[in-house]
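*Asks:* Before anything else, here's the structure in question.
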Amino acid sequence: MKKIFLYISLISIIASCADFLDITPDGRMSLEDVFTNEIQTEAYLNTVYASIPSYFNNYAGWSFLAGMTDEAEDAEVGNNLQGVTTSWIIGSLTPSFNPLAQAGSWSPAGGQDRYSTFWAGIRDANVFLHYAPNVTFADEDRKARIIAEAKILRAFFYFELVKQFGAMPIITEPFDPAFDYTQLTRPQFQDCIDFIATECAAVISEGKLPMRITLESERGRFTLAVAHMVKSEALLYNASPLWNPTNDAKKWSDAAQASKEALNALTTGDQYMLYENYEAYFLTASDITESPRDKETIFEIKTGALPLSTVGLPSKQGSWMIGATPSQELVDSYDMATTGEPAILGYRDEDHLDPIINSTSGYNPNNPYSNRDPRFYATVWYNGAEYDNINGKIHIVETFIGGADQMIKSPPNRINTHTGYYLRKFVDPKLSINQNSSALFKKYRLAELYLNFAEAENEVNGPNADVYNAIDMVRNRVGMPNLPAGLDQEKMRERIRRERRVELAWEEHRFWDVRRWKILHETDKLVTGMEIRSTGEDPGSGVISVPNPSFESGTNGWTFYIGADVVPIDGHTSEHVVLMSDGGHIFTQIGGLQPNTKYEVSALMVVQQGSGFLGIREYGDGANESSVQVLPEDGLERQQVEFTTGPTATSAVIYSWWPGGSQGMVDDFEMKKAGSTGSGGLDPSNFTYTRFVTGTKRNAWQDKFLIFPIPITDVSNIPDFLINQNPGW
């Protein structure tokens, strides 16, 4: 066989002793030369790992795959006529043009050309597996481990390839340069799944991989848990309607068994557990130690931080594009928190403008964001949501027309939502707009495994206790009630699909789920949004105006006594604060209050020494004064006092007083009616809510897009591909 030459860096090879995943082979030598020692052999494995895509928002133009589904509408639609999302939703996919594979200067990954990327990974894995077994290693267990990694990498690439393009030739050896590609034939999808499942099962049985990574230097390596996940996903897809048109029960049984075995293996001894805080889980990278706090993540893409300048809010200085924004359909999919019942059961019309409201759920269309599944609040910024800031100042999201974050339906506009919502998931509001989030894309996590099992088990044995337990595990993690007893198989199927949509939102599952379920024609014809308008009342009528609340105008509107002074400050929510010490006292009178009404006064306070008081007086209830004492251990926090005005009171005095020997700071006073914060300080009764169809209706929903066509370059080289171009259509 002719020698194949490649470049390998000797510096990189030496550095591989510290962390071989950071090695890129370089320098001219043949493959036979590369696989002569263990250091160079391990270094070559990095070539295989390099074909794992970056996923996340790294499609051309910083796009999310969510924008190509009914989860979202991309704000680039109408602005960038050649953009990946625009091209996709108008139905531009052909064998010679794949919108998702577009490269772009905005994308650090240069697009997501999965076809060539995954074949490259398979090729490199085959090279590694051809040569590595013959290399002498001082530690045979280490050799066995990296060979097992290469096998799972190859299985991973094959599954990611076939779930998009359908069955592909199964190649397990490096191609000879003289190989006749016209001899290749397209197998059945089942053949590919059998190969993937067998490879995974063999690696699991050998047990040469660790169950999880415990060393930071090994972040990004494959484990036994990954092998279980690849097998679980592959068999689940194989059992799904797209690839199981006769609804063969054995396929579902195989899928259920694989997921059950995976759950047993991963959760034994609490090696893997659901993370306790769903919202916080998506804001950071996983911690890799012997006893990690994050025991849910199975595999995380180790590169690709999320730039907040592309997913922030228009009211946040520095935003320049908003990316994909959640659809009304996604919002409608969240159950009610108290009852655990779906709020919206479906739609009476094709345009989704007439929702079928579940009358027993507790949903109120005039207060649509109240009492929803906690995962809604962790995923979506909505009108009235509280967007935190780094020093505790709260920004109230205003998506109503005329608000600071208002929806603007029509382009040219790329920094305002086109749906009335913004992405919350993965976005840490405590970071400034010019900072990158440390959040990384979680390719595999334990919650998906529970959902995989529940789906397959329900299709085999109906909604038995195991199905309920798996779904309730995921729901209970966020405090949602158990599913109701007595669901039949069809109703349980509907609830499982809803649960996947909610739990895995924005994690690139919806795009593939609606294809394998063959419901793409039902889900992707259009997406809708919510237009919110003020009824004429002050949208924030629950909020009472406080004069000069952040003291940016010095002492104006306030009375200051000795020991209180307005001083400049850096790195704070505003440019000035009030420095308080030794009897310092400030106060101001607030008018326009309503008698017999409960109000809340709050301020940002920090005590350095002694204590400080935030209070209210002269509000006519007899006691005439209420206050809260703040101590140093409270740290920098927003402190709050409640009071109820007397029968005739229309004013009150708010103040801050610091006893002798005390020192600290106070800033950012706020006052509002008690209870008005139920919708983030914006009273929902002061708005109207109108659904609308965003942009233009889509035609990427057609059945021909259930799977992707093989690129025309391969079709022209392999005649069988032309004959069997798309067996899933």
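In the structure tokens, the first chain shown is A, the next is B, and so on; residue numbers restart at 1 for each chain, and ligands run from 1 in the order shown.
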From segment 297-434 of chain A, collect each residue whose DSSP state is strand (DSSP E or B) and return the set as an NGL selection string.
*Replies:* :A and (297-300 or 307 or 324-326 or 335-336 or 342 or 344-347 or 355-357 or 372 or 380-381 or 386-387 or 395-396 or 422-423)
*Asks:* Please run DSSP on the backbone and report, as number ranges by chain, all residues within segment 121-306 of chain A that come out as helix (DSSP H, G or I).
*Replies:* A: 121-134, 140-165, 181-183, 189-206, 216-218, 224-239, 249-270, 278-281
*Asks:* Which residue out of A:Leu579, A:Ala343, A:Leu706, A:Val380 has the minimum interatomic distance to Trp658 of chain A when only C-alpha atoms are used?
*Replies:* A:Leu579
*Asks:* List as a PyMOL selection string the protein and nucleic acid residues near Ala75 of chain A, meaning an atom at most 8 Å away when only C-alpha atoms are counted, but skip any in the same chain fewer than 6 places from it.
*Replies:* chain A and resi 321-325+413-418
*Asks:* Could you write out the selected residues, including N, CA and C atoms, as a PDB file, in the first residue's frame?
*Replies:*
ATOM      1  N   MET A 321     -26.760  41.851  18.089  1.00  0.00           N
ATOM      2  CA  MET A 321     -27.730  40.978  17.432  1.00  0.00           C
ATOM      3  C   MET A 321     -28.328  40.092  18.520  1.00  0.00           C
ATOM      4  N   ILE A 322     -29.533  39.648  18.311  1.00  0.00           N
ATOM      5  CA  ILE A 322     -30.237  38.950  19.378  1.00  0.00           C
ATOM      6  C   ILE A 322     -30.355  37.461  19.115  1.00  0.00           C
ATOM      7  N   GLY A 323     -30.022  37.020  17.897  1.00  0.00           N
ATOM      8  CA  GLY A 323     -30.092  35.595  17.586  1.00  0.00           C
ATOM      9  C   GLY A 323     -31.512  35.081  17.528  1.00  0.00           C
ATOM     10  N   ALA A 324     -31.690  33.815  17.847  1.00  0.00           N
ATOM     11  CA  ALA A 324     -33.015  33.207  17.828  1.00  0.00           C
ATOM     12  C   ALA A 324     -33.751  33.528  19.127  1.00  0.00           C
ATOM     13  N   THR A 325     -35.042  33.798  19.016  1.00  0.00           N
ATOM     14  CA  THR A 325     -35.844  34.113  20.199  1.00  0.00           C
ATOM     15  C   THR A 325     -37.003  33.119  20.307  1.00  0.00           C
ATOM     16  N   ASN A 413     -34.082  44.840  11.516  1.00  0.00           N
ATOM     17  CA  ASN A 413     -33.969  44.858  12.975  1.00  0.00           C
ATOM     18  C   ASN A 413     -33.406  43.528  13.413  1.00  0.00           C
ATOM     19  N   ARG A 414     -32.251  43.572  14.079  1.00  0.00           N
ATOM     20  CA  ARG A 414     -31.632  42.327  14.515  1.00  0.00           C
ATOM     21  C   ARG A 414     -31.332  42.309  16.007  1.00  0.00           C
ATOM     22  N   ILE A 415     -31.733  43.353  16.756  1.00  0.00           N
ATOM     23  CA  ILE A 415     -31.452  43.316  18.191  1.00  0.00           C
ATOM     24  C   ILE A 415     -32.716  43.250  19.040  1.00  0.00           C
ATOM     25  N   ASN A 416     -33.882  43.328  18.403  1.00  0.00           N
ATOM     26  CA  ASN A 416     -35.142  43.192  19.145  1.00  0.00           C
ATOM     27  C   ASN A 416     -35.810  41.870  18.780  1.00  0.00           C
ATOM     28  N   THR A 417     -36.488  41.286  19.753  1.00  0.00           N
ATOM     29  CA  THR A 417     -37.186  40.036  19.508  1.00  0.00           C
ATOM     30  C   THR A 417     -38.230  40.183  18.415  1.00  0.00           C
ATOM     31  N   HIS A 418     -38.408  39.130  17.637  1.00  0.00           N
ATOM     32  CA  HIS A 418     -39.473  39.066  16.631  1.00  0.00           C
ATOM     33  C   HIS A 418     -40.665  38.273  17.154  1.00  0.00           C
TER      34      HIS A 418
END
*Asks:* Compile the contact shell of Pro481 of chain A as a PDB file with C-alpha atoms, in the first residue's frame: residues with an atom at most 9 Å away, counting only C-alpha atoms, same-chain residues fewer than 6 positions apart removed.
*Replies:*
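Generated file (selection_30.pdb):
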ATOM      1  CA  ALA A 337     -46.736  24.658  38.155  1.00  0.00           C
ATOM      2  CA  THR A 338     -49.515  24.095  40.690  1.00  0.00           C
ATOM      3  CA  THR A 339     -51.691  21.617  38.822  1.00  0.00           C
ATOM      4  CA  GLY A 340     -48.964  20.077  36.648  1.00  0.00           C
ATOM      5  CA  GLU A 341     -51.406  20.207  33.741  1.00  0.00           C
ATOM      6  CA  ASP A 472     -41.492  12.122  37.270  1.00  0.00           C
ATOM      7  CA  ARG A 475     -40.282  16.780  36.555  1.00  0.00           C
TER       8      ARG A 475
END
*Asks:* Mind checking which residues fall within 8 Å of Thr419 of chain A, counting only C-alpha atoms, ignoring those fewer than 3 positions away in the same chain, and posting them as a list in words?
*Replies:* Glu73, Thr325, Pro326, Ser327, Gln328, Met407, Lys409, Thr528, Gly529, Met530, Glu531 and Thr694 of chain A
*Asks:* Name all residues at most 8 Å from segment 453-456 of chain A (count only C-alpha atoms; drop same-chain ones fewer than 6 positions away) and give them as a JSON list (two decimals) with N, CA and C atoms, in the first residue's frame.
*Replies:*
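Final file, part-v7.json:
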[["chain", "number", "residue", "atom", "x", "y", "z"],
["A", 236, "LEU", "N", -33.05, 4.27, 19.94],
["A", 236, "LEU", "CA", -34.30, 5.02, 20.01],
["A", 236, "LEU", "C", -34.68, 5.56, 18.64],
["A", 239, "ALA", "N", -36.00, 2.87, 16.38],
["A", 239, "ALA", "CA", -37.36, 2.42, 16.69],
["A", 239, "ALA", "C", -38.43, 3.44, 16.33],
["A", 252, "TRP", "N", -38.47, -1.19, 19.56],
["A", 252, "TRP", "CA", -38.76, -0.42, 20.77],
["A", 252, "TRP", "C", -38.23, -1.14, 22.01],
["A", 253, "SER", "N", -38.34, -2.45, 22.02],
["A", 253, "SER", "CA", -37.86, -3.22, 23.16],
["A", 253, "SER", "C", -36.35, -3.09, 23.30],
["A", 255, "ALA", "N", -34.53, -0.61, 22.27],
["A", 255, "ALA", "CA", -34.24, 0.76, 22.71],
["A", 255, "ALA", "C", -34.49, 0.92, 24.20],
["A", 256, "ALA", "N", -35.61, 0.37, 24.68],
["A", 256, "ALA", "CA", -35.93, 0.47, 26.10],
["A", 256, "ALA", "C", -34.89, -0.26, 26.94],
["A", 257, "GLN", "N", -34.49, -1.44, 26.49],
["A", 257, "GLN", "CA", -33.52, -2.22, 27.25],
["A", 257, "GLN", "C", -32.18, -1.51, 27.33],
["A", 259, "SER", "N", -31.57, 1.73, 27.18],
["A", 259, "SER", "CA", -31.67, 2.89, 28.07],
["A", 259, "SER", "C", -31.79, 2.46, 29.53],
["A", 260, "LYS", "N", -32.50, 1.35, 29.76],
["A", 260, "LYS", "CA", -32.62, 0.86, 31.14],
["A", 260, "LYS", "C", -31.27, 0.40, 31.67],
["A", 466, "ASP", "N", -42.60, 2.12, 35.57],
["A", 466, "ASP", "CA", -41.25, 2.53, 35.18],
["A", 466, "ASP", "C", -41.29, 3.79, 34.31],
["A", 467, "VAL", "N", -42.28, 3.87, 33.44],
["A", 467, "VAL", "CA", -42.42, 5.06, 32.59],
["A", 467, "VAL", "C", -42.74, 6.27, 33.46],
["A", 468, "TYR", "N", -43.71, 6.12, 34.33],
["A", 468, "TYR", "CA", -44.07, 7.23, 35.23],
["A", 468, "TYR", "C", -42.87, 7.66, 36.06],
["A", 470, "ALA", "N", -39.67, 7.44, 35.48],
["A", 470, "ALA", "CA", -38.64, 8.12, 34.70],
["A", 470, "ALA", "C", -39.04, 9.56, 34.41],
["A", 471, "ILE", "N", -40.28, 9.78, 34.00],
["A", 471, "ILE", "CA", -40.74, 11.13, 33.70],
["A", 471, "ILE", "C", -40.84, 11.96, 34.97],
["A", 493, "ARG", "N", -47.68, 9.14, 25.51],
["A", 493, "ARG", "CA", -46.79, 9.51, 24.41],
["A", 493, "ARG", "C", -46.78, 11.03, 24.22],
["A", 496, "ILE", "N", -44.85, 12.62, 27.10],
["A", 496, "ILE", "CA", -43.41, 12.40, 26.98],
["A", 496, "ILE", "C", -42.81, 13.34, 25.94]]
*Asks:* From the set A:Ala66, A:Val546, A:Leu93, A:Leu483, which residue has the shortest atom-to-atom contact distance to Asp668 of chain A, counting only C-alpha atoms?
*Replies:*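 Looking at the shortest contact to Asp668 of chain A, the residue is A:Val546.
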